[in-house]
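What follows is a short report on a single structure.
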Amino acid sequence: VYSPAKMADSIPLHLVRKNSKKIAYYNSGRHTRYEVEDESSHLDEMPLMMSEEGFENDESDYHTLPRARVSQRKYGLGWFLLGGWKVLCTSCCDWLANTCRRKKELKARTVWLGCPEKCEEKYPRNAIKNQKYNIFTFVPGVLYQQFKLFLNLYFLVVSCSQFMSSLKIGYLYTYWAPLGFVLAVTMVREAVDEVRRCRRDKEMNSQMYSKLTVRGKVQVKSSDIEVGDLIIVEKNQRIPADMIFLRTSEKNGSCFIRTDQLDGETDWKLKVAVTCTQRLPALGDLFSINAYVYAQKPQLDIHSFEGNFTREDNDPPIHESLSIENTLWASTVVASGTVIGVVIYTGKETRSVLNTSHAKNKVGLLDLELNSLTKALFVAQVVLSVVMVALQGFVGPWYRNLFRFILLFSYIIPISLRVNLDMGKAAYGWMIMKDENIPGTVVRTSTIPEELGRLVYLLTDKTGTLTQNEMIFKRLHLGTVSYGTDTMDEIQSHIIQSYAQVITQSSGNSNSSTPSRKPQQSAPKVRKSVSSRIHEAVKAIALCHNVTPVYESHAGVNGETEYAEADQDFSDENRTYQASSPDEVALVQWTESVGLTLVNRDLTSMQLKTPGGQILTFYILQIFPFTSESKRMGIIVREEDTGDITFYMKGADVAMASIVQYNDWLEEECGNMAREGLRTLVVAKKHLSEEQYQDFENRYNQAKLSIHDRSLKVAAVVESLEREMELLCLTGVEDQLQADVRPTLELLRNAGIKIWMLTGDKLETATCIAKSSHLVSRSQDIHIFRPVSNRGEAHLELNAFRRKHDCALVISGDSLEVCLKYYEHEFVELACQCPAVVCCRCSPTQKAQIVKLLQQHTGKRTCAIGDGGNDVSMIQAADCGIGIEGKEGKQASLAADFSISQFKHIGRLLMVHGRNSYKRSAALGQFVMHRGLIISTMQAVFSSVFYFASVPLYQGFLMVGYATIYTMFPVFSLVLDQDVKPETALLYPELYKDLTKGRSLSFKTFLIWVLISVYQGGILMYGALVLFESEFVHVVAISFTALILTELLMVALTIRTWHWLMIVGEFLSLGCYVASLAFLNEYFDVAFIATVAFLWKVSAITVVSCLPLYIIKYLKRKFSPPSYSKLTS
């Protein structure tokens, strides 16, 4: 372990060597800047700055030295042959790619209002494109995806070889029909998906918007919008491109937007128009001013933006800084009023497109495993052919014979494998959709149902997936007394009483300065204190927030305020509250329920209605909004009637504990509420005199104007007020969980699935939900990873975390980014040992990045589940993506491979359907291989007996019939097999753990099947040869009949749970074979088949080939039964 101090000492030396210009520039800049402000401060600042610089610079010095040595290696012929050619090829490709891409480098830009033609660059079209292919690339693209699999490529080569007469074996249709069928099915499936995507894109791109021009309003398509256009967006319309918010129809110069498709949060965000343009008298004046917006280059981060607005025709020019609250990102929806914005980013450069990843073609693990097995079979086939030719003694055109042998044995790798598996997958999909216990489930990607049975990591979103995102006020604690849901009526009576007293007093005593603090003297002493404390607490909750009441009312958009002010009548029916956080809405709705109602709010004042119907007005002097650093929000209000100035504050207990006056109950009660899964907020207040406030305001405004370290100075001024505040109360709000989240998470944990929660929400909320949903069990500790910003901090914090055992990890997105930059491998290794991991404040791209990390480092299968547009990239990156149709729209469920209607359905989807799909496909795949191996073994024995002749044993139709009509039904009926009843699988989720080890299909099980095939093939062929009399025709008849019977018996042996369709399949196949014997005169001697000799010979061979296997299976069942049979017996 190294100490950061030592590092800081060693860094400047290295820096001067490497970056001396940079440092000189920093120092010169700093001197001039600081001499103006404070002579001594730059001395303290400098070494710190340099050490920071060093940490970020080239990942600090201990990576640079070896790197320098490496580059001096000699390039010679040896280097070229040993892998230099690879290096050269990749560097050439990179150079080519960069040359092609050079035009598309993202740059900062200056955008003139309403003048797209003034743009220096050419920016991308504003069109949405989700398609994988176009008309020209569709066929090549689909064929490439198909022939990328070894299996299909192999069949293509074999089929093509049949066009050469010297290699022709049997009929062309025996090779081309199955291959054509597989390709046709795939093509149709892809085409249907592609057409759907195309329609969705077209719908989005052809939405019409109003564009402002010098000549007035013009209608334009969404895809024709350019950078610099002034676009008008109506209420409930989607914002078509990233814009800067210039004007709104709302009086207060702000509007709300819904961002659920961008960041997954259902609360509305408040956006503020640029003041310079909002103040212009009319819309048309936007063209009479000469103004431009300077915007930074397009970035991924949806929560930050830096830019400037400049109006040049004013004297002096007006400069305004632009931040995230002046932006309207694409894919968000306007929730109130009409907005006008200037477009700054379009198409691929918008935040929402930058944050979506391209859907990859998902290939299941089972398919990859089967692919590797087919490669092994191919090697075996070539070896067998070489052996045959070698035994011939390499006579004549031996290479032609070799190829003929390869073709003869081509049944070792059966083409019906693909057909059977694809049909199997379709059957599983149909079963999942038809399952009554999980209604509304849709399978969108039919190629990977087996993945559901192999999952090790489940990455879930929080808002809307685990929780309903509906807040309910549950608890008010005043220190001595606590009120729950059942005692809220007491609070209500206290409020009514205290306001009634105020009214009687103010009528009798008109010049009273503080009526609320002089209740009637006759009331007992204790009673008075509780009542006034409740009154103060409720009033504080009703005032300290960022909520706006919105009226959907009679007088249209702007009419409602005038109407209201005229009548002073705010009717309750059509009032809804809007805020950027659902917690705040819950608090204000609760104060309304106990009698104190927020009825109106604008930027400078708010009005409350008392239980008696009186309206109280408060002027808002300052607001300090909530930030993730400060974890608290404050507001300073002046009451109209009394002129009192009060500073109210509410925030997380961590932040507030040091601000409020000493007390002995806060910490304990916060702990109690958190254990119940409630979100806690501490509310406090402080009275300010006029002088105190004036002094504060002067310092605050001064701090806001400083250029250097503005945020720190502002925070310092506000902190001067935050001392010795009077603690009023503690509130607890519950975010309700989705139905049955706890038992489902418990089930998944017992099944050995590790659950990671990735959310865009705050750290406290995420931790709270992790506890209440039992994602983290009660006995486990939670390790909260402290925020880190550079390598040294990350190193120390990771070491601290390494010492903890069996505890859940909570980490924020930015800290995660730092850890992954420097210590990716160590971090993932530690995190994977945790029983649960919670990542909060994650951007959509980070979610996808975490999924990819887990895939790379663990090689295990991952599943992502979410319900909002922000989860799409995570769902697409995971091996198996599940979308929930939630309140946040259908975007996630459309992008997912499986879409469910409730989180609790995931248990059955994995435990029952995942298990069955995997087990069935494994059995089906191996059985189909066994079917091919048996016939190839018989061909090998036949050829070796008959002087290694490359002649087929069975001709034309017998081969086609063998793989289709004679054995297909019973073999395919394996998709109905199940080893465990669904009830048992759900009752004992531990059974799922066995599946993740992949034991149902491995080289071990595969070798067992190979041995069975070789044994059976040998017995069938030798038996037939030993028992045949005079004619070769009899060998064919006896061996083929025995072969069909053996196959039917083997299916019966493999099945674990019988289904009536399986029995039908067995008899149907047998019936088909017997019936077809009559027609196949060219192959069989019908007269001989009718004899007793034929029957006993066939029966004898079949018994010898199958009986030993039945005995072995019985003994194995008796002496080492599988885990599930212990449960079912």
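How things are named: the first chain in the structure tokens is A, the next is B, and so on; residues count from 1 in each chain; ligands count from 1 in the order shown.
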Spatial neighbours of Ile340 in chain A, max dist 7 Å, only C-alpha atoms, sep filter under 5 positions, as a list of chain:residue names
A:Leu230, A:Ile231, A:Ile232, A:Val233, A:Phe245, A:Leu246, A:Arg247, A:Thr248
Hey, can you spit out that residue selection with C-alpha atoms as a short mmCIF file (atom, residue, chain, number, x, y, z; two decimals), in the first residue's frame?
data_model
loop_
_atom_site.label_atom_id
_atom_site.label_comp_id
_atom_site.auth_asym_id
_atom_site.auth_seq_id
_atom_site.Cartn_x
_atom_site.Cartn_y
_atom_site.Cartn_z
CA LEU A 230 -36.96 27.88 -33.54
CA ILE A 231 -39.50 25.17 -32.72
CA ILE A 232 -42.82 25.55 -30.88
CA VAL A 233 -43.82 22.53 -28.78
CA PHE A 245 -35.64 26.91 -23.71
CA LEU A 246 -36.27 30.51 -24.88
CA ARG A 247 -39.91 31.33 -24.13
CA THR A 248 -43.06 29.90 -22.61
#
Next item on the list: May I have the residues within 10 Å of Leu910 in chain A as an MDAnalysis selection string, using only C-alpha atoms and disregarding those fewer than 3 positions away in the same chain?
Entry: chainID A and resid 449:455 748 751 905:907 913:917 985:986 989 992
Could you write those residues out with N, CA and C atoms, as an mmCIF file, in the first residue's frame?
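Listed below is the output, result18.cif:
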data_model
loop_
_atom_site.group_PDB
_atom_site.id
_atom_site.type_symbol
_atom_site.label_atom_id
_atom_site.label_comp_id
_atom_site.auth_asym_id
_atom_site.auth_seq_id
_atom_site.Cartn_x
_atom_site.Cartn_y
_atom_site.Cartn_z
ATOM 1 N N PRO A 449 -34.898 -18.695 -25.244
ATOM 2 C CA PRO A 449 -35.625 -19.028 -24.008
ATOM 3 C C PRO A 449 -34.788 -19.860 -23.036
ATOM 4 N N GLU A 450 -33.773 -20.590 -23.548
ATOM 5 C CA GLU A 450 -32.965 -21.424 -22.637
ATOM 6 C C GLU A 450 -32.113 -20.568 -21.701
ATOM 7 N N GLU A 451 -31.824 -19.320 -22.122
ATOM 8 C CA GLU A 451 -31.011 -18.444 -21.276
ATOM 9 C C GLU A 451 -31.660 -18.248 -19.903
ATOM 10 N N LEU A 452 -33.003 -18.290 -19.873
ATOM 11 C CA LEU A 452 -33.721 -18.054 -18.609
ATOM 12 C C LEU A 452 -33.345 -19.095 -17.558
ATOM 13 N N GLY A 453 -32.792 -20.211 -18.001
ATOM 14 C CA GLY A 453 -32.455 -21.257 -17.045
ATOM 15 C C GLY A 453 -31.008 -21.235 -16.599
ATOM 16 N N ARG A 454 -30.225 -20.222 -17.053
ATOM 17 C CA ARG A 454 -28.795 -20.237 -16.756
ATOM 18 C C ARG A 454 -28.321 -18.951 -16.096
ATOM 19 N N LEU A 455 -29.232 -18.145 -15.553
ATOM 20 C CA LEU A 455 -28.841 -16.809 -15.088
ATOM 21 C C LEU A 455 -28.128 -16.848 -13.741
ATOM 22 N N LEU A 748 -35.364 -15.632 -5.620
ATOM 23 C CA LEU A 748 -34.228 -15.525 -6.538
ATOM 24 C C LEU A 748 -32.912 -15.697 -5.793
ATOM 25 N N ALA A 751 -32.215 -19.164 -5.145
ATOM 26 C CA ALA A 751 -31.879 -19.887 -6.378
ATOM 27 C C ALA A 751 -30.432 -19.629 -6.785
ATOM 28 N N HIS A 905 -43.728 -11.959 -11.549
ATOM 29 C CA HIS A 905 -43.789 -13.043 -12.529
ATOM 30 C C HIS A 905 -42.415 -13.592 -12.886
ATOM 31 N N ILE A 906 -41.378 -12.829 -12.543
ATOM 32 C CA ILE A 906 -40.033 -13.256 -12.943
ATOM 33 C C ILE A 906 -39.651 -14.573 -12.263
ATOM 34 N N GLY A 907 -40.181 -14.810 -11.054
ATOM 35 C CA GLY A 907 -39.872 -16.044 -10.336
ATOM 36 C C GLY A 907 -40.282 -17.268 -11.138
ATOM 37 N N HIS A 913 -40.145 -21.936 -16.390
ATOM 38 C CA HIS A 913 -39.949 -21.940 -17.844
ATOM 39 C C HIS A 913 -38.473 -21.969 -18.219
ATOM 40 N N GLY A 914 -37.666 -21.247 -17.459
ATOM 41 C CA GLY A 914 -36.226 -21.248 -17.751
ATOM 42 C C GLY A 914 -35.664 -22.646 -17.587
ATOM 43 N N ARG A 915 -36.042 -23.267 -16.487
ATOM 44 C CA ARG A 915 -35.554 -24.627 -16.196
ATOM 45 C C ARG A 915 -35.966 -25.598 -17.306
ATOM 46 N N ASN A 916 -37.275 -25.588 -17.617
ATOM 47 C CA ASN A 916 -37.778 -26.527 -18.616
ATOM 48 C C ASN A 916 -37.128 -26.309 -19.980
ATOM 49 N N SER A 917 -37.043 -25.028 -20.405
ATOM 50 C CA SER A 917 -36.499 -24.745 -21.738
ATOM 51 C C SER A 917 -35.081 -25.281 -21.845
ATOM 52 N N ALA A 985 -40.551 -26.870 -8.364
ATOM 53 C CA ALA A 985 -39.479 -25.970 -8.794
ATOM 54 C C ALA A 985 -39.577 -24.627 -8.066
ATOM 55 N N LEU A 986 -40.805 -24.170 -7.816
ATOM 56 C CA LEU A 986 -40.981 -22.889 -7.114
ATOM 57 C C LEU A 986 -40.775 -23.047 -5.612
ATOM 58 N N PRO A 989 -36.332 -23.425 -4.781
ATOM 59 C CA PRO A 989 -35.577 -22.686 -5.816
ATOM 60 C C PRO A 989 -34.109 -23.117 -5.877
ATOM 61 N N TYR A 992 -32.468 -24.588 -8.888
ATOM 62 C CA TYR A 992 -32.032 -23.757 -10.025
ATOM 63 C C TYR A 992 -30.507 -23.656 -10.073
#
Contacts of range 464-479 of chain A within 6 Å, only C-alpha atoms, excl. fewer than 4 positions in-chain, as a list of chain:residue names: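 Here the answer would be A:Tyr483, A:Gly484, A:Thr485, A:Ala586, A:Cys729, A:Leu730, A:Thr731, A:Gly732, A:Val733, A:Glu734, A:Asp735, A:Gln736, A:Leu737, A:Gln738, A:Gly866.
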Counting only C-alpha atoms, the residue among A:Leu681, A:Ala878, A:Leu183, A:Met673 that lies closest to Tyr144 in chain A is A:Leu183
**Request:** Excluding Ala1037 in chain A and residues on its chain fewer than 6 positions from it, collect all residues at most 12 Å away from it, counting only C-alpha atoms, and give them as an MDAnalysis selection string.
**Result:** chainID A and resid 953:954 958 1020:1021 1024:1025 1027:1028 1031 1043:1044 1073 1077 1080:1090 1094:1095 1097:1098
- Selection near range 596-606 of chain A, 7 Å with only C-alpha atoms, sequence-local residues under 4 positions removed, as an NGL selection string: :A and (252 or 542 or 548-549 or 570 or 591-592 or 610-611 or 617-620)
* Could you pull out the residues in range 682-762 of chain A that DSSP calls helix (DSSP H, G or I) from the backbone, as a ChimeraX atom specification? => /A:690-705,710-721,741-750
Subject >> All strand (DSSP E) residues (DSSP, backbone) inside range 81-313 of chain A, as a ChimeraX atom specification >> reply: /A:109-112,208-213,216-221,230-233,242-248,254-258,268-272,291-295,307-311
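By chain and then residue number, the residues within 8 Å of range 158-161 of chain A are A:Tyr154, A:Phe155, A:Met164, A:Leu167, A:Lys168, A:Leu172, A:Tyr175, A:Trp176, A:Leu407, A:Ser410, counting only C-alpha atoms and disregarding those fewer than 3 positions away in sequence.
Atom to atom, CA of Leu391 in chain A and CA of Ile934 in chain A stand 21.6 Å apart.
Here the question is which of A:Leu991, A:Val588, A:Val1064, A:Leu758 gets nearest to Thr845 in chain A using only C-alpha atoms, and that residue is A:Leu758.
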**Q.** Long-range neighbours of Phe256 in chain A as a list of chain:residue names, 10 Å cut-off, only C-alpha atoms, 5 positions minimum in chain
**A.**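 Near neighbours after the sequence-gap exclusion: A:Lys235, A:Asp267, A:Trp268, A:Lys269, A:Leu270, A:Lys271, A:Val272, A:Val333, A:Val334, A:Ala335, A:Ser336, A:Gly337, A:Gln578, A:Ala579, A:Ser580.
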Output the selection as a compact mmCIF listing (two decimals), in the first residue's frame - C-alpha atoms for each residue.
# COMPACT_ATOMS: atom_id res chain seq x y z
CA LYS A 235 -48.47 20.70 -24.13
CA ASP A 267 -41.58 13.09 -11.39
CA TRP A 268 -41.79 16.29 -13.46
CA LYS A 269 -38.75 18.52 -13.89
CA LEU A 270 -38.97 22.32 -13.70
CA LYS A 271 -37.26 24.14 -16.60
CA VAL A 272 -36.59 27.88 -16.75
CA VAL A 333 -42.62 15.60 -23.02
CA VAL A 334 -43.90 19.10 -22.23
CA ALA A 335 -46.26 18.83 -19.25
CA SER A 336 -47.44 22.43 -18.90
CA GLY A 337 -47.84 25.38 -21.25
CA GLN A 578 -46.35 19.14 -9.42
CA ALA A 579 -42.80 18.81 -8.13
CA SER A 580 -39.50 17.33 -9.14
Here CA of Asp583 in chain A and CA of Ser532 in chain A stand apart by 24.9 Å
Notebook entry, point to check: Which one of A:Asp285, A:Glu829, A:Glu584, A:Glu990 sits closest to Leu113 in chain A if you count only C-alpha atoms?
Noted result: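 Between A:Asp285, A:Glu829, A:Glu584, A:Glu990, the residue approaching Leu113 in chain A most closely is A:Asp285.
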Proximity to Pro240 in chain A - best of A:Pro317, A:Gly341, A:Gly925, A:Gly253, only C-alpha atoms: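 Using only C-alpha atoms, Pro240 in chain A sits closest to A:Gly341.
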Shortest interatomic distance to Phe948 in chain A - which of A:Trp398, A:Tyr700, A:Tyr966, A:Phe287, counting only C-alpha atoms:
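Ranking A:Trp398, A:Tyr700, A:Tyr966, A:Phe287 by distance to Phe948 in chain A, first place goes to A:Trp398.
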Taken to one decimal, the CA of Thr680 in chain A-CA of Ala652 in chain A distance is 6.7 Å
### Message
Using only C-alpha atoms for the distances, tell me which of A:Ser1069, A:Ser943, A:Gln622, A:Gln780 is nearest to Val971 in chain A.
### Response
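Looking at the shortest contact to Val971 in chain A, the residue is A:Ser1069.
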